[in-house]
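Peer 1: Here it is, the structure in full.
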Amino acid sequence: MVLHGIMDENCEVAFQREVAGGVFLLGIKSHAIAGKAAPGQFVMVRVRNSLSPLLRRPFSICGVVDGIIVLLYMVVGEGTEILSGTLPGQRISVLGPLGNGFRLPSGIKRIFLVGGGMGIAPLLFLAGRIEPGHAVFMAGYRSSEKAVPIKDLGLPCPGIQLATEDGSEGVRGLVTDLLELRIREDNIEDPVVFACGPVPMLRRVSSLCLELGIPCQISLEAHMACGLGACQGCAVPGSKDSGKVFFHVCKDGPVFDAGMISWGEL
Amino acid sequence: MNAPDLSVELGGLFLKNPVIAASGTFGYGEEFSPLIDINRLGGLVVKGISLKPRAGNSPPRVVETPCGMLNAIGLANIGLDAFIKDKLPKLLKLSTAIIVNIYGHSLPEYGELAGSLKGIPGIAALEVNISCPNVDCGGMAFGTDPDMSARVTDAVAAKADRPVIVKLSPNVTDIRVIARAVEKAGADAISLINTLTGMAVDIEKRAPVLGNVSGGLSGPAIKPVALHMVYQVARSVRIPVIGMGGIMNYRDALEFIMAGASAVQIGTANFVNPGATIDIIEGLYGYCREKRIGRLVDLVGSISLPGRGKKDLMV
């Protein structure tokens, strides 16, 4: 677990651009945070220096390029609306890197990266650390309008399999259907699954992997105030096997083995 | 001019400066150690400790509100034994006043907690939580009744061998009545305010946002309310008052000090700016230097009141 080496830095915005409907790619200059960040970790961003909105917002790190932390986010409320108006050259306060990050297994395995919506962000960072040819990246969206053109992001990018719920791009259906098709039909040795996205999607991925005995790490999000383990606001229910009533997403996670979470209660 | 003297004494508790990290916002100290030098703080109040471990409330536990936040953590904590064994040794290596916040379900439990912490060297003071709005029994139920507040204070003071601070709830009709009751029962100092009870509704789900339905409101949104209560209590008791409620910077801290607080606690600000406590200490030094104030204690309760003579004013 990476805990020490957390920094609170007033960073200059390097770039900000809308890459899909209401979806933004934000680059923030910080050699220090970028140098320490590992796939699966997150940062807490103060969208502006004022009392409203008061709290920082957590964002998964989507990648690091030349001392720049790259974030991918959708405008969903007041905080992200303000953030999307931040221009290159302006400064914002960034706390990080936070959380535990993904654990990549050693040896050659078949790695499935399964992202729903903005859940692709931490998986893109992880994909960049996997040797080409070993990873299958599956991305799911409601429709093509929200689909992020991953190839144009300027990040290391694997081959993408796309699913949209309305069939407007890629395969019609859920990204979990795509995953199920692949891991049930193909006779794959030692598959590993990494997933991030909405809770119903993660619940499905987890139950599928637990049923088939496939190792699965999922990245969760939660309402949180501090990101440091102090407020204990970001509790998620632990499974019976975990021996814990609650985990805290910021410090115990955001990445968990699928079997550690009580999916029925989440 | 010599460096300004920020030190304060609170009913037998000596602090090098009046800036204390508030309970529940600073964990057990270690969470902030990568970011700031905790030894610079006047004091640190640890997350409330109960006799037995508590898992806390169902999520969601926090939600942002205008200039503030609601929390319903439910006093999640590792319990007294684990605290003494796992957390306290590390805390006592720090050169800041370690204040242990205690919370019981019953009068005997409060007494037992105070008794179990007796004789442990290094604990600077106890802070008694009679004001948590987020648990079913006890907590605020004690703190909203003057008689029960006094009995809890007495139960702790009878067993404690170091200063006892009682933390008051603002969710009462007249906080001065509670303040006088705990003073009479043996409190060495009073801290206020705990959070104000509040609620948020998710209009998409037609459901409360918080798993606990209600929560405690904190942050700058409550500062004017907190400030007035600190002002009222400071004029109603002889024991020192520790002010808190939405303090974000040294100017806010000075408002509380001038209204009558001998020290301040910093809570929600730690979440927004992990360096808030340090910034506030530096800001207080800067203010004293600029205004040529030798001792910060000279500012405590120093506001001058308009017109009529102070005695006639309603507090």
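Chains: A, B, ... in order of the structure tokens. Residues: from 1 per chain. Ligands: from 1, in order shown.
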Wanna dump the chain B-chain A contacts at 10 Å for me, each residue with its shortest atom pair and the distance in Å to one decimal, counting only C-alpha atoms, ordered by chain and number, as a Markdown table?
Peer 2:
```
| residue | atom | partner | partner_atom | distance |
| --- | --- | --- | --- | --- |
| B:Ser23 | CA | A:Cys231 | CA | 9.8 |
| B:Gly24 | CA | A:Cys231 | CA | 6.2 |
| B:Thr25 | CA | A:Cys231 | CA | 5.4 |
| B:Phe26 | CA | A:Ala230 | CA | 5.3 |
| B:Gly27 | CA | A:Ala230 | CA | 4.4 |
| B:Tyr28 | CA | A:Ala230 | CA | 7.8 |
| B:Gly29 | CA | A:Ala230 | CA | 8.5 |
| B:Glu30 | CA | A:Ala230 | CA | 9.0 |
| B:Glu31 | CA | A:Leu228 | CA | 5.9 |
| B:Phe32 | CA | A:Leu228 | CA | 7.4 |
| B:Ser33 | CA | A:His4 | CA | 8.5 |
| B:Pro34 | CA | A:His4 | CA | 5.5 |
| B:Leu35 | CA | A:Met7 | CA | 6.5 |
| B:Ile36 | CA | A:Met7 | CA | 9.9 |
| B:Lys47 | CA | A:Ala230 | CA | 8.7 |
| B:Arg54 | CA | A:Val245 | CA | 9.7 |
| B:Ala55 | CA | A:Val245 | CA | 6.4 |
| B:Gly56 | CA | A:Phe246 | CA | 8.4 |
| B:Asn57 | CA | A:Ala235 | CA | 8.7 |
| B:Ser58 | CA | A:Ala235 | CA | 7.6 |
| B:Pro59 | CA | A:Ala235 | CA | 6.0 |
| B:Pro60 | CA | A:His223 | CA | 6.8 |
| B:Arg61 | CA | A:Gly233 | CA | 5.1 |
| B:Val62 | CA | A:Gly233 | CA | 5.4 |
| B:Val63 | CA | A:His223 | CA | 6.8 |
| B:Glu64 | CA | A:Leu55 | CA | 7.0 |
| B:Thr65 | CA | A:Pro53 | CA | 8.1 |
| B:Pro66 | CA | A:Ser52 | CA | 6.3 |
| B:Cys67 | CA | A:Ser52 | CA | 5.1 |
| B:Gly68 | CA | A:Leu54 | CA | 6.2 |
| B:Met69 | CA | A:Leu54 | CA | 7.9 |
| B:Asn71 | CA | A:Gly233 | CA | 7.3 |
| B:Ala72 | CA | A:Gly233 | CA | 7.9 |
| B:Ile73 | CA | A:Gly233 | CA | 6.2 |
| B:Gly74 | CA | A:Gln232 | CA | 9.7 |
| B:Leu75 | CA | A:Gln232 | CA | 9.4 |
| B:Ala76 | CA | A:Gln232 | CA | 7.7 |
| B:Asn77 | CA | A:Gln232 | CA | 9.5 |
| B:Gly219 | CA | A:Leu54 | CA | 8.2 |
| B:Pro220 | CA | A:Leu51 | CA | 7.3 |
| B:Ala221 | CA | A:Leu51 | CA | 9.0 |
| B:Met248 | CA | A:Leu51 | CA | 9.0 |
| B:Gly267 | CA | A:Cys231 | CA | 9.8 |
| B:Thr268 | CA | A:Ala225 | CA | 8.6 |
| B:Ala269 | CA | A:Leu54 | CA | 9.1 |
| B:Asn270 | CA | A:Cys226 | CA | 7.7 |
| B:Phe271 | CA | A:Cys226 | CA | 4.4 |
| B:Val272 | CA | A:Leu55 | CA | 5.5 |
| B:Asn273 | CA | A:Asp8 | CA | 8.3 |
| B:Pro274 | CA | A:Asp8 | CA | 7.8 |
| B:Gly275 | CA | A:Asp8 | CA | 8.6 |
```
Peer 1: Show me, as a PyMOL selection string, the residues that have an atom within 12 Å of Thr197 in chain B when counting only C-alpha atoms, minus same-chain residues fewer than 3 positions from it.
Peer 2: chain B and resi 69-72+131-135+140+169-172+193-194+200+212-218+222
Peer 1: Compile the contact shell of Ile257 in chain B as JSON, numbers by chain: residues with an atom at most 9 Å away, counting only C-alpha atoms, same-chain residues fewer than 5 positions apart removed.
Peer 2: {"B": [242, 243, 252, 262, 263, 264, 296, 297, 299, 300, 301, 302]}
Peer 1: What's around range 119-124 of chain B at 7 Å? Count only C-alpha atoms, leave out sequence neighbours fewer than 4 positions away in its own chain, and write the answer as a count of residues only.
Peer 2: 6
Peer 1: Could you give me, as a ChimeraX atom specification, each residue of range 80-186 of chain B that DSSP assigns to alpha helix (DSSP H) when run on this structure's backbone?
Peer 2: /B:80-82,88-91,107-116,140-143,146-159,175-184
Peer 1: One decimal, Å: what's the distance from CA of Met201 in chain A over to CA of Gly116 in chain A, could you say?
Peer 2: 7.3 Å
Peer 1: Find, counting only C-alpha atoms, the residue in B:Leu117, B:Ala3, B:Leu44, B:Ala158 that gets nearest to Gln265 in chain B.
Peer 2: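 Between B:Leu117, B:Ala3, B:Leu44, B:Ala158, the residue approaching Gln265 in chain B most closely is B:Leu44.
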Peer 1: So that I can see what lies close to Ala135 in chain A, please list as a list in words the residues with an atom at most 8 Å from it, counting only C-alpha atoms and leaving out residues fewer than 3 positions away in the same chain.
Peer 2: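 Returned residues: Arg110, Ile111, Phe112, Leu113, Ala127, Ile130, Glu131, Pro132 and Pro158 of chain A.
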Peer 1: May I have the residues from that selection written out with all heavy atoms, as an mmCIF file, in the first residue's frame?
Peer 2:
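To be explicit, this is the file written out as result_36.cif:
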```
data_model
loop_
_atom_site.group_PDB
_atom_site.id
_atom_site.type_symbol
_atom_site.label_atom_id
_atom_site.label_comp_id
_atom_site.auth_asym_id
_atom_site.auth_seq_id
_atom_site.Cartn_x
_atom_site.Cartn_y
_atom_site.Cartn_z
ATOM 1 N N ARG A 110 -3.753 -13.862 -19.320
ATOM 2 C CA ARG A 110 -4.701 -13.171 -20.178
ATOM 3 C C ARG A 110 -5.441 -12.169 -19.297
ATOM 4 O O ARG A 110 -6.136 -12.567 -18.367
ATOM 5 C CB ARG A 110 -5.671 -14.190 -20.780
ATOM 6 C CG ARG A 110 -6.427 -13.649 -21.946
ATOM 7 C CD ARG A 110 -5.477 -13.308 -23.080
ATOM 8 N NE ARG A 110 -6.225 -12.974 -24.277
ATOM 9 C CZ ARG A 110 -5.687 -12.360 -25.311
ATOM 10 N NH1 ARG A 110 -4.403 -12.004 -25.276
ATOM 11 N NH2 ARG A 110 -6.395 -12.100 -26.368
ATOM 12 N N ILE A 111 -5.250 -10.902 -19.587
ATOM 13 C CA ILE A 111 -5.811 -9.874 -18.716
ATOM 14 C C ILE A 111 -6.988 -9.190 -19.390
ATOM 15 O O ILE A 111 -6.863 -8.675 -20.507
ATOM 16 C CB ILE A 111 -4.713 -8.841 -18.348
ATOM 17 C CG1 ILE A 111 -3.614 -9.546 -17.538
ATOM 18 C CG2 ILE A 111 -5.303 -7.682 -17.554
ATOM 19 C CD1 ILE A 111 -2.363 -8.726 -17.348
ATOM 20 N N PHE A 112 -8.121 -9.214 -18.710
ATOM 21 C CA PHE A 112 -9.307 -8.526 -19.208
ATOM 22 C C PHE A 112 -9.519 -7.240 -18.409
ATOM 23 O O PHE A 112 -9.606 -7.288 -17.189
ATOM 24 C CB PHE A 112 -10.552 -9.420 -19.075
ATOM 25 C CG PHE A 112 -10.542 -10.586 -20.003
ATOM 26 C CD1 PHE A 112 -10.007 -11.812 -19.595
ATOM 27 C CD2 PHE A 112 -11.062 -10.481 -21.285
ATOM 28 C CE1 PHE A 112 -9.988 -12.897 -20.460
ATOM 29 C CE2 PHE A 112 -11.043 -11.567 -22.151
ATOM 30 C CZ PHE A 112 -10.503 -12.781 -21.741
ATOM 31 N N LEU A 113 -9.575 -6.133 -19.117
ATOM 32 C CA LEU A 113 -9.844 -4.843 -18.487
ATOM 33 C C LEU A 113 -11.252 -4.453 -18.897
ATOM 34 O O LEU A 113 -11.547 -4.308 -20.092
ATOM 35 C CB LEU A 113 -8.840 -3.801 -18.966
ATOM 36 C CG LEU A 113 -7.358 -4.191 -18.802
ATOM 37 C CD1 LEU A 113 -6.463 -3.167 -19.476
ATOM 38 C CD2 LEU A 113 -7.002 -4.312 -17.336
ATOM 39 N N ALA A 127 -3.606 -0.328 -18.425
ATOM 40 C CA ALA A 127 -3.331 -0.917 -19.749
ATOM 41 C C ALA A 127 -1.946 -0.526 -20.247
ATOM 42 O O ALA A 127 -1.240 -1.322 -20.879
ATOM 43 C CB ALA A 127 -4.393 -0.473 -20.755
ATOM 44 N N ILE A 130 0.835 -2.884 -19.182
ATOM 45 C CA ILE A 130 0.766 -4.295 -19.565
ATOM 46 C C ILE A 130 1.391 -4.473 -20.943
ATOM 47 O O ILE A 130 1.147 -3.676 -21.848
ATOM 48 C CB ILE A 130 -0.708 -4.785 -19.571
ATOM 49 C CG1 ILE A 130 -1.323 -4.643 -18.172
ATOM 50 C CG2 ILE A 130 -0.798 -6.228 -20.055
ATOM 51 C CD1 ILE A 130 -2.826 -4.841 -18.143
ATOM 52 N N GLU A 131 2.200 -5.528 -21.070
ATOM 53 C CA GLU A 131 2.834 -5.798 -22.365
ATOM 54 C C GLU A 131 1.778 -5.954 -23.450
ATOM 55 O O GLU A 131 0.772 -6.639 -23.231
ATOM 56 C CB GLU A 131 3.614 -7.116 -22.292
ATOM 57 C CG GLU A 131 5.066 -6.947 -21.922
ATOM 58 C CD GLU A 131 5.741 -8.305 -21.916
ATOM 59 O OE1 GLU A 131 5.948 -8.852 -23.013
ATOM 60 O OE2 GLU A 131 6.024 -8.801 -20.817
ATOM 61 N N PRO A 132 2.007 -5.340 -24.610
ATOM 62 C CA PRO A 132 1.020 -5.440 -25.692
ATOM 63 C C PRO A 132 0.727 -6.910 -26.021
ATOM 64 O O PRO A 132 1.611 -7.741 -25.977
ATOM 65 C CB PRO A 132 1.712 -4.755 -26.879
ATOM 66 C CG PRO A 132 2.769 -3.888 -26.274
ATOM 67 C CD PRO A 132 3.183 -4.553 -25.002
ATOM 68 N N PRO A 158 -4.479 -0.091 -25.786
ATOM 69 C CA PRO A 158 -4.596 -1.437 -26.328
ATOM 70 C C PRO A 158 -5.733 -1.511 -27.336
ATOM 71 O O PRO A 158 -6.421 -0.520 -27.556
ATOM 72 C CB PRO A 158 -4.927 -2.249 -25.077
ATOM 73 C CG PRO A 158 -5.709 -1.299 -24.218
ATOM 74 C CD PRO A 158 -5.236 0.079 -24.543
#
```
Peer 1: Taking only C-alpha atoms into account, which of A:Leu72, A:Ala34, A:Cys216, A:Ile160 comes nearest Val94 in chain A?
Peer 2: A:Ala34
Peer 1: Using only C-alpha atoms, which residues sit within 12 Å of Trp263 in chain A once same-chain residues fewer than 2 positions away are excluded, as a PyMOL selection string?
Peer 2: chain A and resi 199-207+210+218+220+236-240+256-261+265-266
Peer 1: Compile the contact shell of Pro163 in chain B as a ChimeraX atom specification: residues with an atom at most 8 Å away, counting only C-alpha atoms, same-chain residues fewer than 4 positions apart removed.
Peer 2: /B:11-13,124-126,187-189
Peer 1: Could you take the residues named above and write them with C-alpha atoms, as a PDB file, in the first residue's frame?
Peer 2:
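The resulting result13.pdb:
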```pdb
ATOM      1  CA  GLY B  11      -8.124  24.209  33.213  1.00  0.00           C
ATOM      2  CA  GLY B  12      -4.793  22.503  33.824  1.00  0.00           C
ATOM      3  CA  LEU B  13      -4.159  21.602  30.185  1.00  0.00           C
ATOM      4  CA  ALA B 124      -3.036  15.394  28.229  1.00  0.00           C
ATOM      5  CA  ALA B 125      -6.800  15.526  28.755  1.00  0.00           C
ATOM      6  CA  LEU B 126     -10.099  13.778  28.138  1.00  0.00           C
ATOM      7  CA  ALA B 187     -15.739  20.033  33.975  1.00  0.00           C
ATOM      8  CA  ASP B 188     -12.340  21.738  33.652  1.00  0.00           C
ATOM      9  CA  ALA B 189     -13.138  23.163  30.226  1.00  0.00           C
TER      10      ALA B 189
END
```
Peer 1: If DSSP is run on the backbone, what residues of range 42-113 of chain A are strand (DSSP E or B)? A reply as an MDAnalysis selection string would be ideal.
Peer 2: chainID A and resid 42:46 57:60 63:65 68:74 91:98 110:113
Peer 1: Quick one: of B:Met258, B:Val177, B:Leu210, B:Ile303, who's nearest to Val237 in chain B, counting only C-alpha atoms?
Peer 2: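 Going through B:Met258, B:Val177, B:Leu210, B:Ile303 one by one, the smallest distance to Val237 in chain B is for B:Val177.
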Peer 1: Would you work out the distance separating CA of Gly167 in chain A from CA of Ser143 in chain A, expressed in Å to one decimal?
Peer 2: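 Separating CA of Gly167 in chain A from CA of Ser143 in chain A is a distance of 7.0 Å.
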